[in-house]
Amino acid sequence: MVTARPVTPTTTPPATCGRWSRRDLLLAALLALLTALSRLPFRTTMLYAWDSGLFAQALRDYNVVVHHPQPPGYVFYVGTAKLLQALTGLGANDTYVAISIAAASLTAAALYLLGAAMFDRPTGALAALLALTSVSFWLFSELAYPYTVLALGSTMIALLAWRLLQRQLAWPPLAALAFGLIAGFRQDLLLFLGPLFAVCYLLTLDWRTRRGWALLGLGLLAGAVGVATWWIGTDLASEGWGSLWRALTIQSVNVERGTSAFATGDTGLRANATLLRWFSKDALHLAVFPALAYGGFWLTQPRREGRRAPFLLLWMTPAILFYLLVHIGEEGYVFSFLPAVLLAAAAGLTRAASAVAENALRARSALVVRTTALVALAALILPYHAWLFLGSGRLLSAERLACKDAAIARAISDIAAEYPPATTQLVTSAYLQHQRVYLPQYTRVQFLDPDYDATWTPPPGVQQVVVFDLELVQRFDRPRDWRLEPLACGGRYNLASVPASGQLFTWDARQVRLEVSP
C-alpha cells in the first residue's frame with residue numbers, strides 16, 4: 001500500500017524585492033483598461049446628488065467656507081477636475097465622472113500590484129477583479145463623487161506602507177511626503193491610513209543609529225510639508241488664512257452632535273452600526289466569506305501569514321472604528337477599507353484553493369488542482385457580483401442608475417420649458433444643489449428639511465408650485481389637485497405641481513406628508 005505524500009502546491013511568488021516585472025505592469029494596465037471599459041457604458045450624464053452639486057459649484061467658485069465643496073475641501077480633487085475641464089472642455093458632471101472612472105481603474109491596477117507584492121500574482125489579480133465587480137464600487141465609478149478617489153488613495157498609501165515595511169524604499173521621507181500630498185485629495189486618509197503608515201515607517205528605522213533618528217525627523221518634516229501644501233492651498237482658494245480651520249470646526253461640531261455615539265449614546269452607535277453593515281454588504285456581498293476565511297487561516301497559521309494579516313487589520317481598523325463611533329454618511333465611505341478586505345478575500349480564495357490541492361500526488365498535478373479550484377471559487381463570486389449591478393434591477397444597479405439619471409434630465413428640461421421662473425416656486429429638499437446648478441433662473445425656492453415640520457404660503461405672483469425632488473414626491477400623500485408628470489421608468493420618478501393661488505402648504509416630517517389647504 002502506497003501512502004500519498006502531501007506536496008506543497010507550487011505558487012507564484014511575490015514580486016522579487018518589490019520590483020514588478022514587465023508582465024506585472026502589463027497585467028496591471030490590462031486590469032485598469034478592463035475596469036474603465038466596464039464603466040464607460042453606464043456613466044451618468046447628470047449630477048447625482050447633493051454633494052455632486054457642491055463639487056460642480058466648486059469648479060466655478062471654490063470656497064470651503066460656503067461648502068463649495070463641503071469641508072475639508074478636497075482641494076487636489078477639485079484642482080484635478082479644473083485642470084481636466086480646462087484641457088477637455090467637458091461639463092462639470094462629465095469631468096468628475098471621468099475622474100471617478102480613472103480612479104476606479106487605477107485602484108484595480110494598484111490592488112493587483114499590492115496583492116502581487118504581499119501574496120502572489122493570482123491573489124493580486126483576484127483582488128483587482130473583486131474590485132472591478134464590487135456593486136457599490138461600480139456604482140460610484142459612474143458618478144460625480146470622490147469615493148473611488150478615496151479607494152485609490154487608500155490603496156496607494158497602503159502600497160507605500162508595505163514597501164516601507166519590506167525596506168524597499170531607498171529614502172523613506174519621500175514616502176512621507178507622498179502620503180501628505182495624497183491626503184490633499186481625501187483628507188480622511190490622514191486619519192484612516194495614518195496609523196498604518198506610521199507603524200510601517202517606524203519599523204523601518206534603525207533606532208540605534210543617528211541615521212534612524214534623522215530619518216524620523218525628516219519624515220515628520222516631509223509629511224508636514226505635504227499637508228501644508230493642500231492646507232494653505234485651501235485657505236488661499238477660499239477666504240484666506242484660517243478658512244479651512246473655521247469650516248472644519250463647524251462641520252465637526254455638527255457631525256459630533258448629530259451622529260456621534262459620544263453625543264447620542266446607544267442610538268448613534270446602533271444607527272452607525274446599521275449603516276456600516278448595509279454599506280459593507282453592498283460593497284462586498286459574497287466576498288465577505290473568503291475574507292473571513294482568510295482570518296481563520298491567519299489564526300490557525302499565524303507564522304505563515306507573517307506581517308500580512310496584521311497589516312491588513314491595521315489598514316481596516318481605524319476607519320471601521322470611526323464609522324462606528326463618529327459618523328458614516330454615504331455608501332462610498334467604506335471604500336477607505338474596502339481594498340484591504342478585497343485583498344483578504346482574494347487571499348482567502350487562494351488559501352482555500354491551496355488547501356484543496358494539498359493531497360495531490362505530484363507537484364504538477366497539485367498546481368493544476370489548485371488552479372482549477374481557484375477558478376471554480378472565483379466563478380462562484382465574480383459573475384454573481386457583476387449580475388447584481390448589470391441585471392438585477394436593485395437599488396444599486398445599472399438599471400436604477402440610468403433611471404434616475406434620465407429622470408433628473410427630464411425634470412430639469414420640463415421645468416425650464418413649462419414653468420416660467422417669474423411665476424413658479426420650486427419646492428425641494430435633496431435637490432437644492434441641482435436647482436442651483438441647472439435652474440439658477442428660478443429664484444423662488446422653498447427648501448424643506450425632511451427632519452423638521454414647515455408651513456408656508458407662496459408669495460404674491462406665484463401661480464404654480466413645483467416639487468423638484470424625485471424622492472420627495474414619493475414621500476407624501478398627493479392631494480387631488482396635484483398634477484403628476486411621469487419622468488422615467490414607468491412612473492417610478494415623477495414631477496409634481498399644483499396651482500399656488502390661495503394655497504397653504506404644510507410639510508409634516510413625522511408623518512411624511514405634504515398637505516395643501518385652500
# chains A, B, ... in the order shown; residues from 1 in each chain; ligands from 1
>>> residues_around(residues="segment 101-112 of chain A", least_positions_apart="2", cutoff="6 Å", atoms="only C-alpha atoms", output="list in words")
Ala28, Leu31, Ala32, Thr35, Ala36, Ala98, Ile99, Leu114, Gly115, Ala116, Gly124, Ala125, Ala128, Ser141, Thr148, Val149 and Leu152 of chain A
>>> residues_around(residues="Thr423 of chain A", least_positions_apart="6", cutoff="10 Å", atoms="only C-alpha atoms", output="ChimeraX atom specification")
/A:442,444,459-465,500
>>> write_last_selection(atoms="C-alpha atoms", output="PDB file, in the first residue's frame")
ATOM      1  CA  TYR A 442     -35.623  80.155 -10.513  1.00  0.00           C
ATOM      2  CA  ARG A 444     -38.362  81.445  -5.650  1.00  0.00           C
ATOM      3  CA  PRO A 459     -45.601  84.820  -2.151  1.00  0.00           C
ATOM      4  CA  PRO A 460     -47.714  87.068  -4.383  1.00  0.00           C
ATOM      5  CA  GLY A 461     -47.247  86.490  -8.080  1.00  0.00           C
ATOM      6  CA  VAL A 462     -46.602  82.740  -7.805  1.00  0.00           C
ATOM      7  CA  GLN A 463     -49.036  80.745  -9.930  1.00  0.00           C
ATOM      8  CA  GLN A 464     -47.560  77.244  -9.725  1.00  0.00           C
ATOM      9  CA  VAL A 465     -45.690  75.310  -7.054  1.00  0.00           C
ATOM     10  CA  ALA A 500     -50.493  78.132  -5.916  1.00  0.00           C
TER      11      ALA A 500
END
>>> residues_around(residues="Asn494 of chain A", least_positions_apart="2", cutoff="6 Å", atoms="only C-alpha atoms", output="short mmCIF file (atom, residue, chain, number, x, y, z; two decimals) with N, CA and C atoms, in the first residue's frame")
data_model
loop_
_atom_site.label_atom_id
_atom_site.label_comp_id
_atom_site.auth_asym_id
_atom_site.auth_seq_id
_atom_site.Cartn_x
_atom_site.Cartn_y
_atom_site.Cartn_z
N GLU A 485 -46.44 64.27 -13.35
CA GLU A 485 -45.90 64.04 -14.69
C GLU A 485 -44.83 62.96 -14.60
N PRO A 486 -45.07 61.78 -15.18
CA PRO A 486 -44.06 60.71 -15.13
C PRO A 486 -42.78 61.14 -15.86
N LEU A 487 -41.67 60.86 -15.23
CA LEU A 487 -40.38 61.26 -15.79
C LEU A 487 -39.62 60.10 -16.42
#
>>> residues_around(residues="segment 280-282 of chain A", least_positions_apart="2", cutoff="7 Å", atoms="only C-alpha atoms", output="CSV table (one decimal) with C-alpha atoms, in the first residue's frame")
chain,number,residue,atom,x,y,z
A,135,VAL,CA,-21.5,46.6,-6.7
A,136,SER,CA,-21.3,49.9,-4.9
A,276,LEU,CA,-21.8,50.3,8.3
A,277,ARG,CA,-23.3,46.8,7.9
A,278,TRP,CA,-25.5,47.9,5.0
A,284,LEU,CA,-18.7,43.0,-0.5
A,285,HIS,CA,-21.6,40.7,-0.9
A,334,VAL,CA,-16.4,52.1,3.2
>>> select_by_dssp(residues="segment 322-470 of chain A", states="helix (DSSP H, G or I)", output="MDAnalysis selection string")
chainID A and resid 322:325 331:336 338:357 363:390 398:418 421:423 432:438 470
>>> closest_residue(among="A:Cys489, A:Gly194, A:Gly329, A:Gln57", to="Asp405 of chain A", atoms="only C-alpha atoms")
A:Cys489
>>> residues_around(residues="Ala340 of chain A", least_positions_apart="6", cutoff="10 Å", atoms="only C-alpha atoms", output="PDB file with N, CA and C atoms, in the first residue's frame")
ATOM      1  N   LEU A 111      -4.292  47.537  -6.762  1.00  0.00           N
ATOM      2  CA  LEU A 111      -4.606  46.355  -5.956  1.00  0.00           C
ATOM      3  C   LEU A 111      -3.866  45.131  -6.474  1.00  0.00           C
ATOM      4  N   GLY A 115      -1.260  43.246  -4.190  1.00  0.00           N
ATOM      5  CA  GLY A 115      -1.504  41.832  -3.921  1.00  0.00           C
ATOM      6  C   GLY A 115      -0.372  40.954  -4.393  1.00  0.00           C
ATOM      7  N   ALA A 127      -7.993  40.119  -6.343  1.00  0.00           N
ATOM      8  CA  ALA A 127      -8.378  41.333  -5.623  1.00  0.00           C
ATOM      9  C   ALA A 127      -8.835  42.408  -6.601  1.00  0.00           C
ATOM     10  N   ALA A 151     -10.753  55.223  -2.503  1.00  0.00           N
ATOM     11  CA  ALA A 151     -10.229  53.862  -2.624  1.00  0.00           C
ATOM     12  C   ALA A 151      -8.822  53.862  -3.221  1.00  0.00           C
ATOM     13  N   SER A 154      -6.345  55.223  -0.623  1.00  0.00           N
ATOM     14  CA  SER A 154      -6.124  54.220   0.417  1.00  0.00           C
ATOM     15  C   SER A 154      -5.172  53.132  -0.074  1.00  0.00           C
ATOM     16  N   THR A 155      -5.380  52.665  -1.287  1.00  0.00           N
ATOM     17  CA  THR A 155      -4.532  51.600  -1.841  1.00  0.00           C
ATOM     18  C   THR A 155      -3.110  52.087  -2.077  1.00  0.00           C
ATOM     19  N   ALA A 158      -1.328  52.409   1.241  1.00  0.00           N
ATOM     20  CA  ALA A 158      -1.011  51.070   1.733  1.00  0.00           C
ATOM     21  C   ALA A 158       0.156  50.459   0.959  1.00  0.00           C
ATOM     22  N   ALA A 291     -13.045  36.508   2.848  1.00  0.00           N
ATOM     23  CA  ALA A 291     -12.300  37.422   3.719  1.00  0.00           C
ATOM     24  C   ALA A 291     -12.280  36.875   5.148  1.00  0.00           C
ATOM     25  N   ALA A 309      -1.367  39.647   7.470  1.00  0.00           N
ATOM     26  CA  ALA A 309      -2.682  39.775   8.100  1.00  0.00           C
ATOM     27  C   ALA A 309      -2.740  40.955   9.084  1.00  0.00           C
ATOM     28  N   PHE A 311      -1.052  43.631   8.908  1.00  0.00           N
ATOM     29  CA  PHE A 311      -1.015  44.807   8.045  1.00  0.00           C
ATOM     30  C   PHE A 311      -2.420  45.146   7.559  1.00  0.00           C
ATOM     31  N   LEU A 312      -3.142  44.136   7.055  1.00  0.00           N
ATOM     32  CA  LEU A 312      -4.495  44.371   6.569  1.00  0.00           C
ATOM     33  C   LEU A 312      -5.426  44.796   7.703  1.00  0.00           C
ATOM     34  N   LEU A 313      -5.242  44.197   8.866  1.00  0.00           N
ATOM     35  CA  LEU A 313      -6.092  44.531  10.010  1.00  0.00           C
ATOM     36  C   LEU A 313      -5.880  45.980  10.457  1.00  0.00           C
ATOM     37  N   LEU A 314      -4.623  46.413  10.500  1.00  0.00           N
ATOM     38  CA  LEU A 314      -4.338  47.792  10.878  1.00  0.00           C
ATOM     39  C   LEU A 314      -4.828  48.771   9.820  1.00  0.00           C
ATOM     40  N   TRP A 315      -4.864  48.337   8.590  1.00  0.00           N
ATOM     41  CA  TRP A 315      -5.398  49.143   7.500  1.00  0.00           C
ATOM     42  C   TRP A 315      -6.900  49.382   7.704  1.00  0.00           C
ATOM     43  N   MET A 316      -7.627  48.348   8.092  1.00  0.00           N
ATOM     44  CA  MET A 316      -9.086  48.435   8.187  1.00  0.00           C
ATOM     45  C   MET A 316      -9.586  49.101   9.463  1.00  0.00           C
ATOM     46  N   ALA A 346      -9.340  37.833  -1.532  1.00  0.00           N
ATOM     47  CA  ALA A 346      -8.551  37.161  -2.572  1.00  0.00           C
ATOM     48  C   ALA A 346      -7.575  36.170  -1.956  1.00  0.00           C
TER      49      ALA A 346
END
>>> atom_distance(atom1="atom CA of Gly91 of chain A", atom2="atom CA of Ala56 of chain A")
8.9 Å
>>> closest_residue(among="A:Leu380, A:Ala198, A:Met118, A:Leu205", to="Trp20 of chain A", atoms="only C-alpha atoms")
A:Met118
>>> residues_around(residues="Leu218 of chain A", least_positions_apart="5", cutoff="12 Å", atoms="only C-alpha atoms", output="MDAnalysis selection string")
chainID A and resid 171:177 201 205 211:213 223:225
>>> atom_distance(atom1="atom CA of Leu286 of chain A", atom2="atom CA of Leu25 of chain A")
28.4 Å
>>> atom_distance(atom1="atom CA of Arg513 of chain A", atom2="atom CA of Asp414 of chain A")
24.6 Å
>>> closest_residue(among="A:Leu374, A:Leu325, A:Leu139, A:Ala287", to="Ser397 of chain A", atoms="only C-alpha atoms")
A:Leu139
